[in-house]
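Q: I am sharing query-v5.json, which consists of JSON, C-alpha atoms:
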[["chain", "number", "residue", "atom", "x", "y", "z"],
["A", 1, "MET", "CA", 123.30, 24.94, -128.47],
["A", 2, "SER", "CA", 126.01, 23.63, -126.16],
["A", 3, "ARG", "CA", 126.63, 19.87, -126.37],
["A", 4, "ALA", "CA", 128.36, 17.27, -124.26],
["A", 5, "LEU", "CA", 129.31, 13.90, -125.70],
["A", 6, "VAL", "CA", 128.72, 10.99, -123.34],
["A", 7, "PHE", "CA", 129.84, 7.37, -123.57],
["A", 8, "PRO", "CA", 128.04, 4.29, -122.19],
["A", 9, "GLY", "CA", 129.26, 1.86, -119.55],
["A", 10, "GLN", "CA", 129.07, -1.87, -118.99],
["A", 11, "GLY", "CA", 125.63, -3.40, -119.38],
["A", 12, "SER", "CA", 124.93, -1.71, -122.72],
["A", 13, "GLN", "CA", 126.70, -4.43, -124.72],
["A", 14, "ARG", "CA", 124.70, -6.73, -127.02],
["A", 15, "VAL", "CA", 125.53, -9.26, -129.72],
["A", 16, "GLY", "CA", 125.64, -7.45, -133.07],
["A", 17, "MET", "CA", 126.97, -4.22, -131.57],
["A", 18, "GLY", "CA", 128.88, -2.05, -134.02],
["A", 19, "LYS", "CA", 128.31, -4.26, -137.07],
["A", 20, "GLU", "CA", 126.09, -1.80, -138.94],
["A", 21, "VAL", "CA", 128.58, 1.03, -138.49],
["A", 22, "HIS", "CA", 131.49, -1.27, -139.41],
["A", 23, "ASP", "CA", 129.78, -2.39, -142.61],
["A", 24, "ALA", "CA", 128.47, 1.04, -143.65],
["A", 25, "PHE", "CA", 131.57, 3.21, -143.17],
["A", 26, "VAL", "CA", 135.05, 2.48, -144.46],
["A", 27, "THR", "CA", 136.42, 4.98, -141.92],
["A", 28, "ALA", "CA", 135.04, 2.91, -139.02],
["A", 29, "ARG", "CA", 136.75, -0.37, -139.93],
["A", 30, "PRO", "CA", 140.32, 0.57, -138.94],
["A", 31, "VAL", "CA", 139.13, 1.14, -135.36],
["A", 32, "PHE", "CA", 137.86, -2.43, -135.07],
["A", 33, "GLU", "CA", 141.00, -3.79, -136.77],
["A", 34, "GLU", "CA", 143.35, -1.78, -134.54],
["A", 35, "VAL", "CA", 141.64, -3.02, -131.37],
["A", 36, "ASN", "CA", 141.75, -6.63, -132.62],
["A", 37, "ASP", "CA", 145.46, -6.31, -133.42],
["A", 38, "THR", "CA", 146.27, -4.59, -130.13],
["A", 39, "LEU", "CA", 144.50, -7.21, -128.01],
["A", 40, "GLY", "CA", 145.60, -10.16, -130.12],
["A", 41, "GLN", "CA", 142.06, -11.49, -130.37],
["A", 42, "ASN", "CA", 139.17, -11.23, -132.80],
["A", 43, "LEU", "CA", 137.05, -9.06, -130.53],
["A", 44, "SER", "CA", 135.00, -7.90, -133.53],
["A", 45, "ARG", "CA", 133.79, -11.45, -134.13],
["A", 46, "ILE", "CA", 132.61, -11.72, -130.53],
["A", 47, "MET", "CA", 130.88, -8.35, -130.84],
["A", 48, "PHE", "CA", 129.16, -9.16, -134.12],
["A", 49, "GLU", "CA", 128.38, -12.86, -133.62],
["A", 50, "GLY", "CA", 128.68, -13.65, -129.91],
["A", 51, "PRO", "CA", 128.24, -15.87, -128.06],
["A", 52, "GLU", "CA", 126.66, -13.53, -125.53],
["A", 53, "SER", "CA", 128.36, -15.36, -122.65],
["A", 54, "GLU", "CA", 131.76, -14.44, -124.11],
["A", 55, "LEU", "CA", 130.79, -10.85, -124.92],
["A", 56, "THR", "CA", 129.49, -10.16, -121.42],
["A", 57, "LEU", "CA", 132.78, -11.15, -119.79],
["A", 58, "THR", "CA", 134.03, -7.91, -118.26],
["A", 59, "GLU", "CA", 137.40, -8.18, -120.00],
["A", 60, "ASN", "CA", 135.61, -8.33, -123.40],
["A", 61, "ALA", "CA", 132.61, -6.07, -122.76],
["A", 62, "GLN", "CA", 134.73, -3.10, -121.68],
["A", 63, "PRO", "CA", 136.99, -2.80, -124.76],
["A", 64, "ALA", "CA", 134.06, -3.79, -127.01],
["A", 65, "LEU", "CA", 131.89, -0.90, -125.86],
["A", 66, "MET", "CA", 134.81, 1.50, -126.23],
["A", 67, "THR", "CA", 135.50, 0.24, -129.76],
["A", 68, "VAL", "CA", 131.98, 0.98, -131.00],
["A", 69, "SER", "CA", 132.01, 4.43, -129.43],
["A", 70, "ILE", "CA", 135.35, 5.39, -130.98],
["A", 71, "ALA", "CA", 134.33, 4.00, -134.39],
["A", 72, "ILE", "CA", 131.31, 6.32, -134.32],
["A", 73, "VAL", "CA", 133.51, 9.24, -133.26],
["A", 74, "ARG", "CA", 135.90, 8.60, -136.16],
["A", 75, "VAL", "CA", 133.04, 8.48, -138.65],
["A", 76, "ILE", "CA", 131.56, 11.75, -137.37],
["A", 77, "GLU", "CA", 134.97, 13.45, -137.52],
["A", 78, "THR", "CA", 135.84, 12.22, -141.03],
["A", 79, "GLU", "CA", 132.40, 12.36, -142.66],
["A", 80, "GLY", "CA", 131.59, 15.73, -141.10],
["A", 81, "LEU", "CA", 135.13, 17.14, -141.44],
["A", 82, "LEU", "CA", 134.89, 18.12, -137.77],
["A", 83, "ALA", "CA", 137.04, 18.01, -134.68],
["A", 84, "LEU", "CA", 135.35, 16.84, -131.50],
["A", 85, "SER", "CA", 135.99, 20.21, -129.90],
["A", 86, "ASP", "CA", 134.00, 21.84, -132.73],
["A", 87, "ILE", "CA", 130.81, 20.05, -131.74],
["A", 88, "ALA", "CA", 131.07, 19.58, -127.96],
["A", 89, "THR", "CA", 131.98, 21.57, -124.86],
["A", 90, "PHE", "CA", 132.67, 18.55, -122.64],
["A", 91, "VAL", "CA", 133.00, 14.77, -122.75],
["A", 92, "ALA", "CA", 132.02, 12.29, -120.04],
["A", 93, "GLY", "CA", 131.53, 8.56, -119.72],
["A", 94, "HIS", "CA", 129.85, 6.19, -117.29],
["A", 95, "SER", "CA", 132.53, 4.06, -115.57],
["A", 96, "LEU", "CA", 134.42, 2.36, -118.44],
["A", 97, "GLY", "CA", 132.85, 5.02, -120.68],
["A", 98, "GLU", "CA", 135.27, 7.49, -119.10],
["A", 99, "TYR", "CA", 138.06, 5.72, -121.00],
["A", 100, "SER", "CA", 136.03, 5.99, -124.23],
["A", 101, "ALA", "CA", 135.59, 9.71, -123.55],
["A", 102, "LEU", "CA", 139.33, 10.18, -123.03],
["A", 103, "ALA", "CA", 140.16, 8.26, -126.20],
["A", 104, "ALA", "CA", 137.61, 10.30, -128.16],
["A", 105, "ALA", "CA", 139.06, 13.56, -126.82],
["A", 106, "GLY", "CA", 142.61, 12.58, -127.78],
["A", 107, "ALA", "CA", 143.88, 12.14, -124.23],
["A", 108, "ILE", "CA", 144.78, 8.44, -124.56],
["A", 109, "SER", "CA", 145.62, 6.58, -127.78],
["A", 110, "LEU", "CA", 143.25, 3.90, -129.06],
["A", 111, "PRO", "CA", 145.74, 1.01, -128.53],
["A", 112, "ASP", "CA", 146.50, 2.18, -124.99],
["A", 113, "THR", "CA", 142.80, 2.53, -124.22],
["A", 114, "ALA", "CA", 142.05, -0.97, -125.49],
["A", 115, "GLN", "CA", 144.88, -2.48, -123.43],
["A", 116, "LEU", "CA", 143.89, -0.53, -120.32],
["A", 117, "LEU", "CA", 140.28, -1.71, -120.54],
["A", 118, "LYS", "CA", 141.31, -5.33, -121.11],
["A", 119, "HIS", "CA", 143.56, -5.05, -118.05],
["A", 120, "ARG", "CA", 140.84, -3.26, -116.06],
["A", 121, "GLY", "CA", 138.27, -5.91, -116.91],
["A", 122, "LYS", "CA", 140.55, -8.77, -115.88],
["A", 123, "ALA", "CA", 141.59, -7.00, -112.66],
["A", 124, "MET", "CA", 137.96, -6.35, -111.72],
["A", 125, "GLN", "CA", 136.94, -9.94, -112.39],
["A", 126, "MET", "CA", 139.82, -11.29, -110.31],
["A", 127, "ALA", "CA", 139.45, -8.87, -107.37],
["A", 128, "VAL", "CA", 136.62, -10.72, -105.62],
["A", 129, "PRO", "CA", 135.93, -14.49, -105.67],
["A", 130, "ILE", "CA", 132.67, -15.46, -107.40],
["A", 131, "GLY", "CA", 129.76, -15.34, -104.96],
["A", 132, "GLU", "CA", 131.42, -13.10, -102.40],
["A", 133, "GLY", "CA", 130.35, -9.80, -103.95],
["A", 134, "GLN", "CA", 127.12, -8.45, -105.35],
["A", 135, "MET", "CA", 125.43, -5.31, -106.67],
["A", 136, "THR", "CA", 121.82, -4.15, -106.49],
["A", 137, "VAL", "CA", 119.90, -1.27, -108.05],
["A", 138, "ILE", "CA", 117.47, 0.49, -105.70],
["A", 139, "LEU", "CA", 114.56, 2.21, -107.46],
["A", 140, "GLY", "CA", 112.29, 4.81, -105.92],
["A", 141, "LEU", "CA", 114.37, 6.03, -102.97],
["A", 142, "SER", "CA", 116.52, 9.16, -102.62],
["A", 143, "LEU", "CA", 120.30, 9.11, -102.48],
["A", 144, "ASN", "CA", 120.19, 9.98, -98.77],
["A", 145, "GLU", "CA", 117.71, 7.17, -98.04],
["A", 146, "VAL", "CA", 119.89, 4.63, -99.86],
["A", 147, "GLY", "CA", 122.93, 5.99, -98.01],
["A", 148, "GLU", "CA", 121.22, 5.32, -94.69],
["A", 149, "ILE", "CA", 120.35, 1.79, -95.81],
["A", 150, "ALA", "CA", 123.98, 1.18, -96.83],
["A", 151, "LYS", "CA", 125.15, 2.36, -93.41],
["A", 152, "ILE", "CA", 122.85, -0.09, -91.61],
["A", 153, "ALA", "CA", 123.64, -2.98, -93.99],
["A", 154, "SER", "CA", 127.37, -2.39, -93.46],
["A", 155, "THR", "CA", 127.08, -4.30, -90.18],
["A", 156, "GLU", "CA", 126.98, -7.40, -92.45],
["A", 157, "GLY", "CA", 130.03, -6.36, -94.48],
["A", 158, "ILE", "CA", 131.06, -3.77, -97.06],
["A", 159, "CYS", "CA", 128.04, -1.99, -98.58],
["A", 160, "GLU", "CA", 128.64, 1.23, -100.52],
["A", 161, "ILE", "CA", 126.93, 3.44, -103.08],
["A", 162, "ALA", "CA", 128.48, 2.51, -106.41],
["A", 163, "ASN", "CA", 126.41, 4.59, -108.84],
["A", 164, "ASP", "CA", 124.27, 7.66, -108.29],
["A", 165, "ASN", "CA", 122.63, 7.34, -111.70],
["A", 166, "ALA", "CA", 119.51, 9.51, -111.49],
["A", 167, "PRO", "CA", 116.87, 10.59, -108.99],
["A", 168, "GLY", "CA", 115.37, 7.36, -107.66],
["A", 169, "GLN", "CA", 118.03, 5.10, -109.21],
["A", 170, "VAL", "CA", 120.97, 4.27, -106.96],
["A", 171, "VAL", "CA", 123.25, 1.21, -107.16],
["A", 172, "LEU", "CA", 124.84, -0.44, -104.12],
["A", 173, "SER", "CA", 127.92, -2.64, -104.24],
["A", 174, "GLY", "CA", 129.67, -4.80, -101.68],
["A", 175, "GLN", "CA", 129.78, -8.14, -99.92],
["A", 176, "SER", "CA", 126.87, -10.45, -100.69],
["A", 177, "ALA", "CA", 125.46, -10.67, -97.15],
["A", 178, "ALA", "CA", 125.42, -6.88, -96.82],
["A", 179, "ILE", "CA", 123.80, -6.37, -100.23],
["A", 180, "GLU", "CA", 121.12, -8.97, -99.45],
["A", 181, "ARG", "CA", 120.41, -7.11, -96.20],
["A", 182, "ALA", "CA", 120.26, -3.80, -98.07],
["A", 183, "MET", "CA", 117.67, -5.13, -100.53],
["A", 184, "ILE", "CA", 115.44, -6.21, -97.64],
["A", 185, "LEU", "CA", 115.85, -2.84, -95.92],
["A", 186, "ALA", "CA", 115.11, -0.97, -99.16],
["A", 187, "LYS", "CA", 111.82, -2.80, -99.65],
["A", 188, "GLU", "CA", 110.89, -2.14, -96.02],
["A", 189, "LYS", "CA", 111.63, 1.57, -96.58],
["A", 190, "GLY", "CA", 109.29, 1.71, -99.57],
["A", 191, "ALA", "CA", 111.56, 1.22, -102.57],
["A", 192, "LYS", "CA", 109.67, 0.46, -105.79],
["A", 193, "ARG", "CA", 112.17, -2.30, -106.52],
["A", 194, "ALA", "CA", 115.48, -3.63, -105.24],
["A", 195, "LEU", "CA", 117.00, -5.80, -107.95],
["A", 196, "PRO", "CA", 120.25, -7.79, -107.94],
["A", 197, "LEU", "CA", 122.46, -7.00, -110.93],
["A", 198, "GLU", "CA", 124.05, -9.64, -113.14],
["A", 199, "VAL", "CA", 127.69, -8.58, -112.85],
["A", 200, "SER", "CA", 130.99, -10.43, -112.58],
["A", 201, "ALA", "CA", 132.23, -8.35, -109.63],
["A", 202, "PRO", "CA", 131.01, -5.73, -107.13],
["A", 203, "PHE", "CA", 132.19, -2.66, -109.02],
["A", 204, "HIS", "CA", 133.00, 0.76, -107.51],
["A", 205, "CYS", "CA", 133.46, -0.26, -103.89],
["A", 206, "ALA", "CA", 136.33, -0.95, -101.48],
["A", 207, "LEU", "CA", 136.39, -4.65, -102.40],
["A", 208, "LEU", "CA", 138.09, -3.70, -105.66],
["A", 209, "GLN", "CA", 141.18, -2.20, -104.03],
["A", 210, "SER", "CA", 143.43, -4.80, -105.68],
["A", 211, "ALA", "CA", 141.99, -3.82, -109.07],
["A", 212, "ALA", "CA", 142.68, -0.14, -108.31],
["A", 213, "GLU", "CA", 146.30, -1.02, -107.50],
["A", 214, "ALA", "CA", 146.57, -2.99, -110.74],
["A", 215, "MET", "CA", 145.25, 0.01, -112.69],
["A", 216, "ALA", "CA", 147.71, 2.33, -110.94],
["A", 217, "GLY", "CA", 150.50, 0.14, -112.26],
["A", 218, "ALA", "CA", 149.02, -0.06, -115.76],
["A", 219, "LEU", "CA", 148.39, 3.69, -115.98],
["A", 220, "ALA", "CA", 151.85, 4.66, -114.71],
["A", 221, "SER", "CA", 153.49, 4.11, -118.10],
["A", 222, "ILE", "CA", 150.64, 5.42, -120.28],
["A", 223, "VAL", "CA", 150.97, 8.77, -122.04],
["A", 224, "ILE", "CA", 147.99, 10.98, -121.19],
["A", 225, "ALA", "CA", 147.39, 14.34, -122.89],
["A", 226, "ALA", "CA", 144.93, 17.08, -121.98],
["A", 227, "PRO", "CA", 141.51, 16.06, -123.38],
["A", 228, "ARG", "CA", 139.92, 18.36, -125.95],
["A", 229, "PRO", "CA", 137.17, 19.02, -125.05],
["A", 230, "PRO", "CA", 137.65, 18.66, -121.25],
["A", 231, "LEU", "CA", 136.48, 15.60, -119.33],
["A", 232, "ILE", "CA", 133.87, 15.61, -116.57],
["A", 233, "ALA", "CA", 135.25, 12.99, -114.17],
["A", 234, "ASN", "CA", 133.11, 10.28, -112.54],
["A", 235, "VAL", "CA", 134.75, 10.67, -109.14],
["A", 236, "THR", "CA", 134.38, 14.45, -108.82],
["A", 237, "ALA", "CA", 131.56, 15.33, -111.27],
["A", 238, "LYS", "CA", 133.71, 18.30, -112.30],
["A", 239, "SER", "CA", 135.82, 19.31, -115.29],
["A", 240, "VAL", "CA", 139.41, 18.06, -115.44],
["A", 241, "GLU", "CA", 142.14, 18.63, -118.03],
["A", 242, "GLU", "CA", 145.43, 18.04, -116.19],
["A", 243, "PRO", "CA", 146.92, 14.65, -117.22],
["A", 244, "HIS", "CA", 148.30, 13.86, -113.75],
["A", 245, "GLN", "CA", 144.87, 14.49, -112.22],
["A", 246, "ILE", "CA", 143.20, 12.30, -114.84],
["A", 247, "ARG", "CA", 145.64, 9.47, -114.09],
["A", 248, "LYS", "CA", 144.82, 9.63, -110.38],
["A", 249, "LEU", "CA", 141.08, 9.88, -110.96],
["A", 250, "LEU", "CA", 141.09, 6.79, -113.20],
["A", 251, "VAL", "CA", 142.64, 4.83, -110.34],
["A", 252, "ASP", "CA", 140.24, 6.30, -107.76],
["A", 253, "GLN", "CA", 137.30, 5.52, -110.04],
["A", 254, "VAL", "CA", 137.72, 1.76, -109.56],
["A", 255, "THR", "CA", 136.68, 1.90, -105.89],
["A", 256, "ASN", "CA", 134.71, 5.16, -105.83],
["A", 257, "ARG", "CA", 131.15, 6.17, -106.69],
["A", 258, "VAL", "CA", 130.14, 7.07, -110.25],
["A", 259, "ARG", "CA", 128.48, 10.47, -109.73],
["A", 260, "TRP", "CA", 126.44, 10.46, -112.93],
["A", 261, "ARG", "CA", 123.47, 12.49, -111.67],
["A", 262, "GLU", "CA", 125.85, 15.17, -110.41],
["A", 263, "THR", "CA", 127.80, 15.02, -113.69],
["A", 264, "VAL", "CA", 124.73, 15.83, -115.77],
["A", 265, "LEU", "CA", 123.66, 18.60, -113.37],
["A", 266, "TRP", "CA", 127.19, 20.09, -113.41],
["A", 267, "MET", "CA", 127.17, 20.16, -117.20],
["A", 268, "LYS", "CA", 123.72, 21.77, -117.20],
["A", 269, "SER", "CA", 124.90, 24.46, -114.78],
["A", 270, "ASN", "CA", 127.85, 25.11, -117.08],
["A", 271, "GLY", "CA", 125.77, 25.76, -120.17],
["A", 272, "VAL", "CA", 125.20, 22.29, -121.64],
["A", 273, "ASP", "CA", 121.65, 21.80, -122.90],
["A", 274, "ASN", "CA", 122.10, 18.71, -125.05],
["A", 275, "LEU", "CA", 123.74, 15.32, -124.35],
["A", 276, "VAL", "CA", 124.76, 13.14, -127.29],
["A", 277, "GLU", "CA", 125.38, 9.49, -126.39],
["A", 278, "LEU", "CA", 127.86, 7.80, -128.73],
["A", 279, "GLY", "CA", 127.85, 4.02, -128.75],
["A", 280, "THR", "CA", 125.71, 1.03, -127.91],
["A", 281, "GLY", "CA", 122.31, 1.51, -126.28],
["A", 282, "LYS", "CA", 120.41, 4.47, -124.86],
["A", 283, "VAL", "CA", 121.01, 4.14, -121.12],
["A", 284, "LEU", "CA", 122.61, 7.56, -120.65],
["A", 285, "THR", "CA", 120.07, 9.27, -122.92],
["A", 286, "ASN", "CA", 117.25, 7.87, -120.81],
["A", 287, "LEU", "CA", 118.99, 8.81, -117.55],
["A", 288, "ALA", "CA", 119.43, 12.41, -118.75],
["A", 289, "ARG", "CA", 115.66, 12.78, -119.10],
["A", 290, "ARG", "CA", 115.20, 11.59, -115.52],
["A", 291, "ILE", "CA", 117.87, 13.91, -114.18],
["A", 292, "ASP", "CA", 116.71, 17.12, -115.90],
["A", 293, "ARG", "CA", 113.94, 17.29, -118.50],
["A", 294, "ASN", "CA", 115.43, 20.52, -119.85],
["A", 295, "VAL", "CA", 118.53, 18.66, -121.03],
["A", 296, "GLY", "CA", 117.98, 17.22, -124.48],
["A", 297, "GLY", "CA", 119.20, 13.71, -125.21],
["A", 298, "LEU", "CA", 120.23, 12.01, -128.43],
["A", 299, "SER", "CA", 121.75, 8.56, -128.93],
["A", 300, "ILE", "CA", 123.94, 7.70, -131.92],
["A", 301, "GLU", "CA", 124.38, 3.99, -132.59],
["A", 302, "THR", "CA", 123.43, 3.27, -136.22],
["A", 303, "PRO", "CA", 124.44, 4.69, -139.62],
["A", 304, "ASN", "CA", 121.06, 6.45, -139.82],
["A", 305, "ASP", "CA", 121.70, 8.04, -136.42],
["A", 306, "ILE", "CA", 125.07, 9.31, -137.65],
["A", 307, "ASP", "CA", 123.56, 10.75, -140.84],
["A", 308, "ARG", "CA", 120.81, 12.53, -138.92],
["A", 309, "PHE", "CA", 123.30, 14.00, -136.47],
["A", 310, "LEU", "CA", 125.64, 15.26, -139.18],
["A", 311, "ASN", "CA", 122.71, 16.83, -141.04],
["A", 312, "SER", "CA", 121.63, 18.61, -137.87],
["A", 313, "ILE", "CA", 124.91, 20.40, -137.14]]
Would you write the structure of this file as structure tokens?
A:
Amino acid sequence: MSRALVFPGQGSQRVGMGKEVHDAFVTARPVFEEVNDTLGQNLSRIMFEGPESELTLTENAQPALMTVSIAIVRVIETEGLLALSDIATFVAGHSLGEYSALAAAGAISLPDTAQLLKHRGKAMQMAVPIGEGQMTVILGLSLNEVGEIAKIASTEGICEIANDNAPGQVVLSGQSAAIERAMILAKEKGAKRALPLEVSAPFHCALLQSAAEAMAGALASIVIAAPRPPLIANVTAKSVEEPHQIRKLLVDQVTNRVRWRETVLWMKSNGVDNLVELGTGKVLTNLARRIDRNVGGLSIETPNDIDRFLNSI
């Protein structure tokens, strides 16, 4: 069996996230403490107790999701006496999850990852004034059909494909007037649903150019090593190991499409038959089933999930 480890993106956060793993495993607790110390805030308290309004702030949600994922990785490595490269052929993450994947694979240190995600979250929130940007998920249309809709809606402003998540699930991002127009066009074209997303900014489109520039500055001084195992990048949906390429792709990722469907298919074509999602929620596990039913999916979030996984390998 060839595995890839995958890491969730924003939207998977929930109050209580990570608490069971924190309480059950001594080896998990230093991860939470190190992130708290690095950021100079009690992020763990927000994760465990809320309020939800504070947790869902992009600048908190992004490092919070990474923290849970890395805590689970540390437990698997220490309890199973395993290196990540012993159990997986590739790592990948959805949007911010790419940073979790890089931290898990030893490419970026935990403190640097936490600081980068805090910076990334703030930069994304500040890039577009509230109300001027929007995102929508289009269900039931092909990527090409949604691309045509985006082209037409672009007469109202920026409208771009932000996420190609799975067959029949494509996310658009851009200026509010253009996104509103796209939702109307999608319904006219026969989409099952066209739903606005509750987000603090229109992610993965040209409107976030200032955030990309901010991340270029933040990443310039960060030490990046070759990930082990290799990363499948969001922007290219291909394997990457060279640190200078990873640095560039992390900047490009801010304004470019997350090619998740292509990522899963690339891994499948390169021998992966099982995706293991490490962290909060089951979004990527569920998407894998929609992308290719021959790719097995497993989510690891709780102590019981960890025990079952370790017993299976």
Q: Counting only C-alpha atoms, what is within 8 Å of Val272 of chain A, bar same-chain residues fewer than 4 positions away, as an MDAnalysis selection string?
A: chainID A and resid 1:4 89 267:268 295
Q: Excluding Gln13 of chain A and its own-chain neighbours fewer than 2 positions away, which residues fall within 7 Å of it when counting only C-alpha atoms? Please give them as a list in words.
A: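 After dropping sequence-adjacent residues, the list is Gln10, Gly11, Met17, Ala61, Leu65 and Thr280 of chain A.
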Q: Give me the residues near Gly157 of chain A as a PyMOL selection string, where near means some atom within 12 Å (using all atoms listed in the file) and where sequence neighbours in that chain fewer than 2 positions away do not count.
A: chain A and resi 132-134+150-155+159-160+173-182+205-207
Q: Please work out which residues fall within 12 Å of (115.3, -0.9, -98.8), coordinates as given in the file, with only C-alpha atoms counting, and return them as a PyMOL selection string.
A: chain A and resi 136-153+170-172+178-195
Q: Please, what distance in Å, to one decimal, runs between atom CA of Leu116 of chain A and atom CA of Ile222 of chain A?
A: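 Those two atoms sit 9.0 Å apart.
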Q: Between A:Thr38, A:Asn234, A:Thr27, A:Asn274, single out the one closest to Leu249 of chain A, counting only C-alpha atoms.
A: A:Asn234
Q: Mind pulling up the distance from atom CA of Gly16 of chain A to atom CA of Met47 of chain A?
A: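 It comes out at 5.8 Å.
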Q: Find the distance between atom CA of Arg293 of chain A and atom CA of Arg259 of chain A and write it in Å to one decimal.
A: 18.3 Å
Q: Need to verify the contact set: Ser85 of chain A, 6 Å, all atoms listed in the file, exclusion of same-chain residues closer than 3 positions in sequence. Can you return it as a PyMOL selection string?
A: chain A and resi 88+228-229
Q: Which is closer to Glu98 of chain A than all the others in A:Asn270, A:Gln209, A:Gln253, A:Ser12, using only C-alpha atoms?
A: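 The closest residue to Glu98 of chain A is A:Gln253.
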Q: I want to know what sits within 12 Å of Pro8 of chain A, based on all atoms listed in the file, with residues of the same chain fewer than 4 positions away left out; could you give that as a ChimeraX atom specification?
A: /A:12-13,61-70,91-101,260,276-287,299-301
Q: Which residue is closest to Val26 of chain A? Choose from A:Ile87, A:Asp292, A:Lys248, A:Pro303 and count all atoms listed in the file.
A: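 Answer, going by the shortest atom-to-atom distance: A:Pro303.
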Q: Of the candidates A:Glu54, A:Val251, A:Gly297, A:Pro129, which shows the shortest atom-to-atom distance to Ala216 of chain A, using only C-alpha atoms?
A: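 Closest to Ala216 of chain A of all the choices is A:Val251.
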Q: Under the rule that only C-alpha atoms are counted, which of A:Leu310, A:Val6, A:Gln115, A:Arg257 is the nearest residue to Asn60 of chain A?
A: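 When distances to Asn60 of chain A are compared using only C-alpha atoms, the smallest one comes from A:Gln115.
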Q: Kindly provide, as a list in words, the polymer residues lying within 12 Å of (127.8, 17.9, -111.3), counting only C-alpha atoms and using the coordinates exactly as they appear in the file.
A: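 I get Ala92, Asp164, Asn165, Ala166, Ile232, Ala233, Asn234, Val235, Thr236, Ala237, Lys238, Ser239, Val258, Arg259, Trp260, Arg261, Glu262, Thr263, Val264, Leu265, Trp266, Met267, Lys268, Ser269, Asn270, Val272 and Ile291 of chain A for the residues within 12 Å of that point.
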Q: Return the single residue from A:Met124, A:Pro227, A:Val254, A:Leu275 that is closest to Ala162 of chain A, with distances computed using all atoms listed in the file.
A: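 Selected residue with least distance to Ala162 of chain A: A:Val254.
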